[in-house]
Each structure stands twice: as C-alpha cells, then as structure tokens.
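Note: the block below is start-v2.tsv and it holds TSV, C-alpha atoms.
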chain	number	residue	atom	x	y	z
R	1	MET	CA	107.81	48.02	73.98
R	2	ASP	CA	108.67	44.65	72.46
R	3	TRP	CA	105.89	44.83	69.87
R	4	LEU	CA	107.20	48.23	68.65
R	5	GLU	CA	110.70	46.82	68.26
R	6	ASN	CA	109.37	43.78	66.41
R	7	MET	CA	107.34	45.96	64.08
R	8	ILE	CA	110.35	48.13	63.23
R	9	LYS	CA	112.56	45.06	62.60
R	10	GLU	CA	109.97	43.46	60.36
R	11	ASN	CA	109.37	46.62	58.32
R	12	ARG	CA	112.95	47.91	58.24
R	13	GLU	CA	113.11	48.20	54.48
R	14	MET	CA	109.99	50.37	54.43
R	15	PHE	CA	111.48	52.85	56.86
R	16	GLY	CA	114.72	53.24	54.95
R	17	GLU	CA	113.25	53.77	51.46
R	18	GLU	CA	110.78	56.59	51.82
R	19	GLU	CA	111.78	60.18	52.41
R	20	PRO	CA	109.66	62.68	54.37
R	21	SER	CA	107.57	65.16	52.41
R	22	ALA	CA	109.02	68.48	51.27
R	23	GLY	CA	109.43	71.03	54.08
R	24	HIS	CA	108.96	68.43	56.80
R	25	VAL	CA	112.38	69.06	58.37
R	26	GLU	CA	111.79	72.86	58.41
R	27	ARG	CA	108.36	72.45	59.96
R	28	PHE	CA	109.77	70.08	62.58
R	29	GLU	CA	112.60	72.49	63.47
R	30	ALA	CA	110.13	75.41	63.67
R	31	ARG	CA	107.94	73.36	65.97
R	32	LEU	CA	110.94	72.56	68.17
R	33	ARG	CA	111.88	76.28	68.32
R	34	GLY	CA	108.29	77.14	69.27
R	35	GLU	CA	108.33	74.47	71.93
R	36	ALA	CA	111.60	75.85	73.33
R	37	ARG	CA	110.14	79.38	73.30
R	38	ARG	CA	107.03	78.15	75.14
R	39	ARG	CA	109.20	76.44	77.71
R	40	ARG	CA	111.19	79.64	78.27
R	41	LEU	CA	108.00	81.70	78.59
R	42	ASN	CA	106.53	79.14	80.96
R	43	LEU	CA	109.70	79.33	83.06
R	44	VAL	CA	109.54	83.15	83.07
R	45	TYR	CA	105.88	83.04	84.16
R	46	ARG	CA	106.66	80.59	86.95
R	47	VAL	CA	109.63	82.58	88.22
R	48	SER	CA	107.74	85.89	88.05
R	49	SER	CA	104.71	84.44	89.85
R	50	ILE	CA	106.95	83.01	92.59
R	51	ALA	CA	108.64	86.42	92.91
R	52	ALA	CA	105.23	88.16	93.10
R	53	ILE	CA	104.03	85.77	95.81
R	54	ALA	CA	107.25	86.33	97.77
R	55	LEU	CA	106.86	90.10	97.42
R	56	ILE	CA	103.24	89.99	98.62
R	57	ALA	CA	104.22	87.77	101.56
R	58	LEU	CA	107.05	90.13	102.51
R	59	ALA	CA	104.82	93.21	102.28
R	60	SER	CA	102.16	91.48	104.38
R	61	ALA	CA	104.72	90.50	107.00
R	62	ILE	CA	106.02	94.06	107.23
R	63	PHE	CA	102.49	95.45	107.48
R	64	LEU	CA	101.51	93.01	110.20
R	65	TYR	CA	104.69	93.68	112.17
R	66	GLU	CA	104.25	97.44	112.08
R	67	ARG	CA	100.51	97.27	112.70
R	68	PHE	CA	100.30	94.75	115.54
R	69	ILE	CA	103.71	93.96	117.01
R	70	ASP	CA	105.62	97.25	117.01
R	71	GLN	CA	102.76	99.55	118.06
R	72	ASP	CA	104.49	101.94	120.48
R	73	PRO	CA	108.16	102.15	119.63
R	74	ASP	CA	110.34	103.96	122.16
R	75	LEU	CA	107.86	105.96	124.22
R	76	LEU	CA	110.09	107.94	126.55
R	77	THR	CA	109.03	109.88	129.62
R	78	LEU	CA	110.80	112.69	131.42
R	79	SER	CA	112.15	110.28	134.04
R	80	ASP	CA	113.85	108.31	131.25
R	81	ILE	CA	115.82	111.42	130.29
R	82	ASN	CA	116.86	112.77	133.68
R	83	PRO	CA	116.10	111.77	137.31
R	84	ASP	CA	115.43	115.41	138.25
R	85	LEU	CA	112.89	115.63	135.45
R	86	GLY	CA	111.43	112.42	136.82
R	87	LYS	CA	110.68	114.24	140.08
R	88	VAL	CA	108.94	117.02	138.15
R	89	GLU	CA	106.99	114.44	136.20
R	90	PHE	CA	105.98	112.62	139.40
R	91	TYR	CA	104.74	115.89	140.92
R	92	TYR	CA	102.56	116.72	137.93
R	93	THR	CA	101.25	113.19	137.38
R	94	SER	CA	100.30	112.84	141.05
R	95	ARG	CA	98.51	116.21	141.00
R	96	ILE	CA	96.75	115.29	137.76
R	97	GLY	CA	95.72	111.97	139.33
R	98	GLU	CA	94.26	113.79	142.34
R	99	ASN	CA	92.40	116.21	140.09
R	100	THR	CA	91.10	113.33	138.00
R	101	LEU	CA	89.60	111.75	141.12
R	102	ALA	CA	88.07	115.09	142.12
R	103	ILE	CA	86.57	115.59	138.67
R	104	ASP	CA	85.14	112.06	138.73
R	105	THR	CA	83.60	112.74	142.13
R	106	LEU	CA	82.13	116.06	141.02
R	107	THR	CA	80.73	114.71	137.76
R	108	THR	CA	79.03	111.77	139.50
R	109	THR	CA	77.04	114.19	141.65
R	110	LEU	CA	75.68	115.92	138.55
R	111	GLU	CA	72.55	114.69	136.86
R	112	GLY	CA	73.12	112.94	133.58
R	113	ASP	CA	76.30	111.54	132.14
R	114	ASP	CA	76.92	114.38	129.67
R	115	TYR	CA	79.44	116.25	131.82
R	116	ARG	CA	81.43	113.11	132.55
R	117	ARG	CA	81.60	112.10	128.89
R	118	MET	CA	82.54	115.61	127.81
R	119	VAL	CA	85.31	115.86	130.41
R	120	GLN	CA	86.65	112.40	129.57
R	121	ASP	CA	86.73	113.24	125.85
R	122	GLU	CA	88.62	116.48	126.46
R	123	LEU	CA	91.15	114.83	128.74
R	124	ALA	CA	91.63	111.97	126.26
R	125	GLY	CA	92.33	114.55	123.55
R	126	MET	CA	94.98	116.11	125.76
R	127	ASP	CA	96.48	112.69	126.43
R	128	SER	CA	96.85	112.08	122.70
R	129	VAL	CA	98.98	115.23	122.54
R	130	TYR	CA	101.19	113.85	125.30
R	131	LEU	CA	101.49	110.51	123.49
R	132	SER	CA	102.65	112.39	120.41
R	133	LEU	CA	105.26	114.18	122.52
R	134	GLN	CA	106.43	110.85	123.94
R	135	GLN	CA	106.87	109.45	120.44
R	136	LYS	CA	108.85	112.52	119.41
R	137	MET	CA	110.99	112.13	122.51
R	138	GLY	CA	111.62	108.53	121.45
R	139	THR	CA	112.91	109.65	118.07
R	140	HIS	CA	114.81	112.68	119.46
R	141	PRO	CA	115.85	111.79	123.02
R	142	GLY	CA	116.98	114.70	125.17
R	143	ASP	CA	115.69	117.43	122.83
R	144	GLU	CA	115.14	120.42	125.12
R	145	ARG	CA	112.20	121.71	123.09
R	146	ILE	CA	110.33	118.44	123.57
R	147	VAL	CA	111.22	118.35	127.29
R	148	HIS	CA	109.84	121.87	127.74
R	149	ALA	CA	106.75	120.97	125.71
R	150	MET	CA	106.12	117.96	127.96
R	151	ILE	CA	106.45	120.08	131.10
R	152	ARG	CA	104.21	122.74	129.55
R	153	TYR	CA	101.69	119.99	128.75
R	154	TYR	CA	101.58	118.97	132.41
R	155	GLN	CA	101.21	122.59	133.52
R	156	THR	CA	98.43	123.26	131.03
R	157	LYS	CA	96.54	120.08	131.85
R	158	LEU	CA	96.77	120.79	135.57
R	159	SER	CA	95.58	124.36	135.05
R	160	ILE	CA	92.63	123.25	132.91
R	161	MET	CA	91.71	120.59	135.45
R	162	ASN	CA	91.80	123.16	138.28
R	163	GLU	CA	89.50	125.47	136.29
R	164	LEU	CA	87.23	122.53	135.55
R	165	ILE	CA	87.04	121.63	139.24
R	166	HIS	CA	86.17	125.24	140.05
R	167	TYR	CA	83.48	125.24	137.35
R	168	LEU	CA	82.03	121.91	138.51
R	169	ASN	CA	82.00	123.18	142.11
R	170	GLN	CA	79.96	126.19	140.97
R	171	ILE	CA	77.52	123.95	139.13
R	172	ASN	CA	77.19	121.69	142.18
R	173	SER	CA	76.68	124.64	144.52
R	174	ASN	CA	73.99	126.07	142.20
R	175	ASN	CA	72.26	122.68	142.13
R	176	ASN	CA	72.58	122.20	145.92
R	177	PRO	CA	72.36	125.61	147.66
R	178	LYS	CA	72.19	123.92	151.07
R	179	ASN	CA	75.50	122.04	150.65
R	180	GLU	CA	77.92	124.84	149.84
R	181	LYS	CA	80.49	123.29	152.18
R	182	ASN	CA	80.80	120.21	149.94
R	183	GLU	CA	83.08	121.97	147.47
R	184	LEU	CA	86.19	120.02	146.55
R	185	THR	CA	89.38	121.98	146.15
R	186	TYR	CA	92.50	120.57	144.58
R	187	PHE	CA	95.30	122.83	143.57

Please re-express this file's structure in structure tokens.
Amino acid sequence: MDWLENMIKENREMFGEEEPSAGHVERFEARLRGEARRRRLNLVYRVSSIAAIALIALASAIFLYERFIDQDPDLLTLSDINPDLGKVEFYYTSRIGENTLAIDTLTTTLEGDDYRRMVQDELAGMDSVYLSLQQKMGTHPGDERIVHAMIRYYQTKLSIMNELIHYLNQINSNNNPKNEKNELTYF
C-alpha cells in the first residue's frame, strides 16, 4: 500500500488537472445502480431458495411422519367404548379364533395349498373391513352406527366361517369316506 501512496503523492498535480471524459460520471452512476440491482436480485434469489429448501424439508417431514410414525391413529375397539360391548367383542373374537383353528386344521388335511390360500385371502379381506371400522370409530367414538356395524361384522364373519367349516367338512368326508367321524364342528 505504501507504493500506491507514494505514487499518488509524487503525481498529485497530474491527478488534479485532468477531468474525466464526457459522460463518465453518468456511466459510473448507471454501473453503480446496476450493481445495486444485481445485489438485490441476488438477495431475492438467495432468500427464495432458502424458503424453497425449508418448504421442501417441511413437506418431507410431514410426509415421513404420516407415512411411518403415525400409521394407525386411534384404532378403537368395542371394549374401548363400553365394558359390556367388550364382553360381546370377547365372545365373538374367541369364537372366531376357534373357527380359525378349525379352518386351519381342515385345510391342512386337503391336498394342495389352494384352499388355505383362498381362505386366508378372504378372511384378510374381511379383516380390512374391520380395520376401516376401527379407524372410523377412532374419528367418531361412540357412534351407534359404527358400533352396530362392528357387531354385524363379527356376526357375519362368524357365520361365514361356520359355513366354510361345514363346506370343508363335506370336502374332507368326500375325500375320506372311511373317516366320516373326523368332522370338526364349531358353532
């Protein structure tokens, strides 16, 4: 920096005598305005890109929370609503459990795995209906229509399982005419 100062001091009279060319001041001011405009645009771009990144991060966080953390919000059962309904629910779930064991036993005696897969698919489809009812109960606790639909679901599933057991017993008895006493009955 010292050499610049020395040069200016030595050539002081040269700097004071000559004027800049015509329009130099206007061009310099225009350049400064352009520079200020570029700085403002650069600032706007930075702020908008930071806002966009924050928005994407927030949307990703919400998606991940709903997708992986809060998977089954408020799944209510009949016993959560009323203890008496809990007894009804226990009755049906225990009967359905017994029938499930009977169906598993009957389908293992059949040749091939087709019956077992078909039965499991049908029962899984029915369970998805019940899951939907549980979610509705979570959003509308104590709604009588949903309570009746849940009880009706249990009744229907139990009835279908009883018919299925009867059907599988017939198939087993046709396949094994000697063992007609091996029929399983669950009602």

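From CA of Ile103 (chain R) back to CA of Leu164 (chain R), the distance works out to 7.6 Å.
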
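Considering the residues R:His140, R:Thr105, R:Met150, R:Asn6 and counting all atoms listed in the file, Asp127 (chain R) has its shortest atom-to-atom contact with R:Met150.
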
Q.
One number please: CA of Arg38 (chain R) to CA of Ile56 (chain R), in Å, one decimal.
A. 26.6 Å

Q.
For a quick check of understanding, using only C-alpha atoms, which of R:Ile81, R:Ala22, R:Arg116, R:Leu41 has the smallest distance to Ala102 (chain R)?
A. R:Arg116

Q: Quote the spacing between CA of Asn175 (chain R) and CA of Thr109 (chain R) in Å to one decimal place.
A: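 So the two atoms, CA of Asn175 (chain R) and CA of Thr109 (chain R), lie 9.8 Å apart.
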
Q: Counting only C-alpha atoms, figure out which residue out of R:Asn99, R:Ser21, R:Ser48, R:Thr77 gets nearest to Gly142 (chain R).
A: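 Of R:Asn99, R:Ser21, R:Ser48, R:Thr77, the one nearest Gly142 (chain R) is R:Thr77, counting only C-alpha atoms.
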
Q.
Quick one: residues within 10 Å of Asp104 (chain R), all atoms listed in the file, excluding same-chain residues fewer than 6 positions away - as JSON, numbers by chain?
A. {"R": [98, 115, 116, 119, 120, 165]}

Q: Please identify all polymer residues lying at most 12 Å from the point (97.9, 118.0, 141.4) (file coordinates), using only C-alpha atoms, and present the result as a PyMOL selection string.
A: chain R and resi 88-103+154-162+165+185-187

Atoms to include: C-alpha atoms. Write the selected residues as a compact mmCIF listing (two decimals), in the frame of the given file.
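Contents of out_22.txt, as written:
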# COMPACT_ATOMS: atom_id res chain seq x y z
CA VAL R 88 108.94 117.02 138.15
CA GLU R 89 106.99 114.44 136.20
CA PHE R 90 105.98 112.62 139.40
CA TYR R 91 104.74 115.89 140.92
CA TYR R 92 102.56 116.72 137.93
CA THR R 93 101.25 113.19 137.38
CA SER R 94 100.30 112.84 141.05
CA ARG R 95 98.51 116.21 141.00
CA ILE R 96 96.75 115.29 137.76
CA GLY R 97 95.72 111.97 139.33
CA GLU R 98 94.26 113.79 142.34
CA ASN R 99 92.40 116.21 140.09
CA THR R 100 91.10 113.33 138.00
CA LEU R 101 89.60 111.75 141.12
CA ALA R 102 88.07 115.09 142.12
CA ILE R 103 86.57 115.59 138.67
CA TYR R 154 101.58 118.97 132.41
CA GLN R 155 101.21 122.59 133.52
CA THR R 156 98.43 123.26 131.03
CA LYS R 157 96.54 120.08 131.85
CA LEU R 158 96.77 120.79 135.57
CA SER R 159 95.58 124.36 135.05
CA ILE R 160 92.63 123.25 132.91
CA MET R 161 91.71 120.59 135.45
CA ASN R 162 91.80 123.16 138.28
CA ILE R 165 87.04 121.63 139.24
CA THR R 185 89.38 121.98 146.15
CA TYR R 186 92.50 120.57 144.58
CA PHE R 187 95.30 122.83 143.57

Q) With distances taken over all atoms listed in the file, which of R:Val147, R:Ile8, R:Leu106, R:Ala54 is nearest to Ser79 (chain R)? A)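 Using all atoms listed in the file, Ser79 (chain R) sits closest to R:Val147.
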
Would you mind completing region 58-69 of chain R so that it carries N, CA and C atoms, and writing it out as a PDB file, keeping the file's coordinate frame?
ATOM      1  N   LEU R  58     106.154  89.224 101.796  1.00  0.00           N
ATOM      2  CA  LEU R  58     107.050  90.130 102.510  1.00  0.00           C
ATOM      3  C   LEU R  58     106.334  91.423 102.902  1.00  0.00           C
ATOM      4  N   ALA R  59     105.574  91.988 101.977  1.00  0.00           N
ATOM      5  CA  ALA R  59     104.820  93.210 102.280  1.00  0.00           C
ATOM      6  C   ALA R  59     103.793  92.957 103.375  1.00  0.00           C
ATOM      7  N   SER R  60     103.127  91.815 103.340  1.00  0.00           N
ATOM      8  CA  SER R  60     102.160  91.480 104.380  1.00  0.00           C
ATOM      9  C   SER R  60     102.835  91.315 105.730  1.00  0.00           C
ATOM     10  N   ALA R  61     103.988  90.680 105.747  1.00  0.00           N
ATOM     11  CA  ALA R  61     104.720  90.500 107.000  1.00  0.00           C
ATOM     12  C   ALA R  61     105.142  91.841 107.589  1.00  0.00           C
ATOM     13  N   ILE R  62     105.618  92.734 106.754  1.00  0.00           N
ATOM     14  CA  ILE R  62     106.020  94.060 107.230  1.00  0.00           C
ATOM     15  C   ILE R  62     104.811  94.818 107.753  1.00  0.00           C
ATOM     16  N   PHE R  63     103.712  94.771 107.036  1.00  0.00           N
ATOM     17  CA  PHE R  63     102.490  95.450 107.480  1.00  0.00           C
ATOM     18  C   PHE R  63     102.022  94.913 108.820  1.00  0.00           C
ATOM     19  N   LEU R  64     101.969  93.599 108.952  1.00  0.00           N
ATOM     20  CA  LEU R  64     101.510  93.010 110.200  1.00  0.00           C
ATOM     21  C   LEU R  64     102.441  93.335 111.357  1.00  0.00           C
ATOM     22  N   TYR R  65     103.728  93.347 111.114  1.00  0.00           N
ATOM     23  CA  TYR R  65     104.690  93.680 112.170  1.00  0.00           C
ATOM     24  C   TYR R  65     104.495  95.118 112.634  1.00  0.00           C
ATOM     25  N   GLU R  66     104.406  96.039 111.705  1.00  0.00           N
ATOM     26  CA  GLU R  66     104.250  97.440 112.080  1.00  0.00           C
ATOM     27  C   GLU R  66     102.886  97.702 112.703  1.00  0.00           C
ATOM     28  N   ARG R  67     101.873  97.013 112.243  1.00  0.00           N
ATOM     29  CA  ARG R  67     100.510  97.270 112.700  1.00  0.00           C
ATOM     30  C   ARG R  67     100.231  96.670 114.081  1.00  0.00           C
ATOM     31  N   PHE R  68     100.707  95.441 114.327  1.00  0.00           N
ATOM     32  CA  PHE R  68     100.300  94.750 115.540  1.00  0.00           C
ATOM     33  C   PHE R  68     101.433  94.507 116.542  1.00  0.00           C
ATOM     34  N   ILE R  69     102.629  94.321 116.092  1.00  0.00           N
ATOM     35  CA  ILE R  69     103.710  93.960 117.010  1.00  0.00           C
ATOM     36  C   ILE R  69     104.438  95.187 117.528  1.00  0.00           C
TER      37      ILE R  69
END
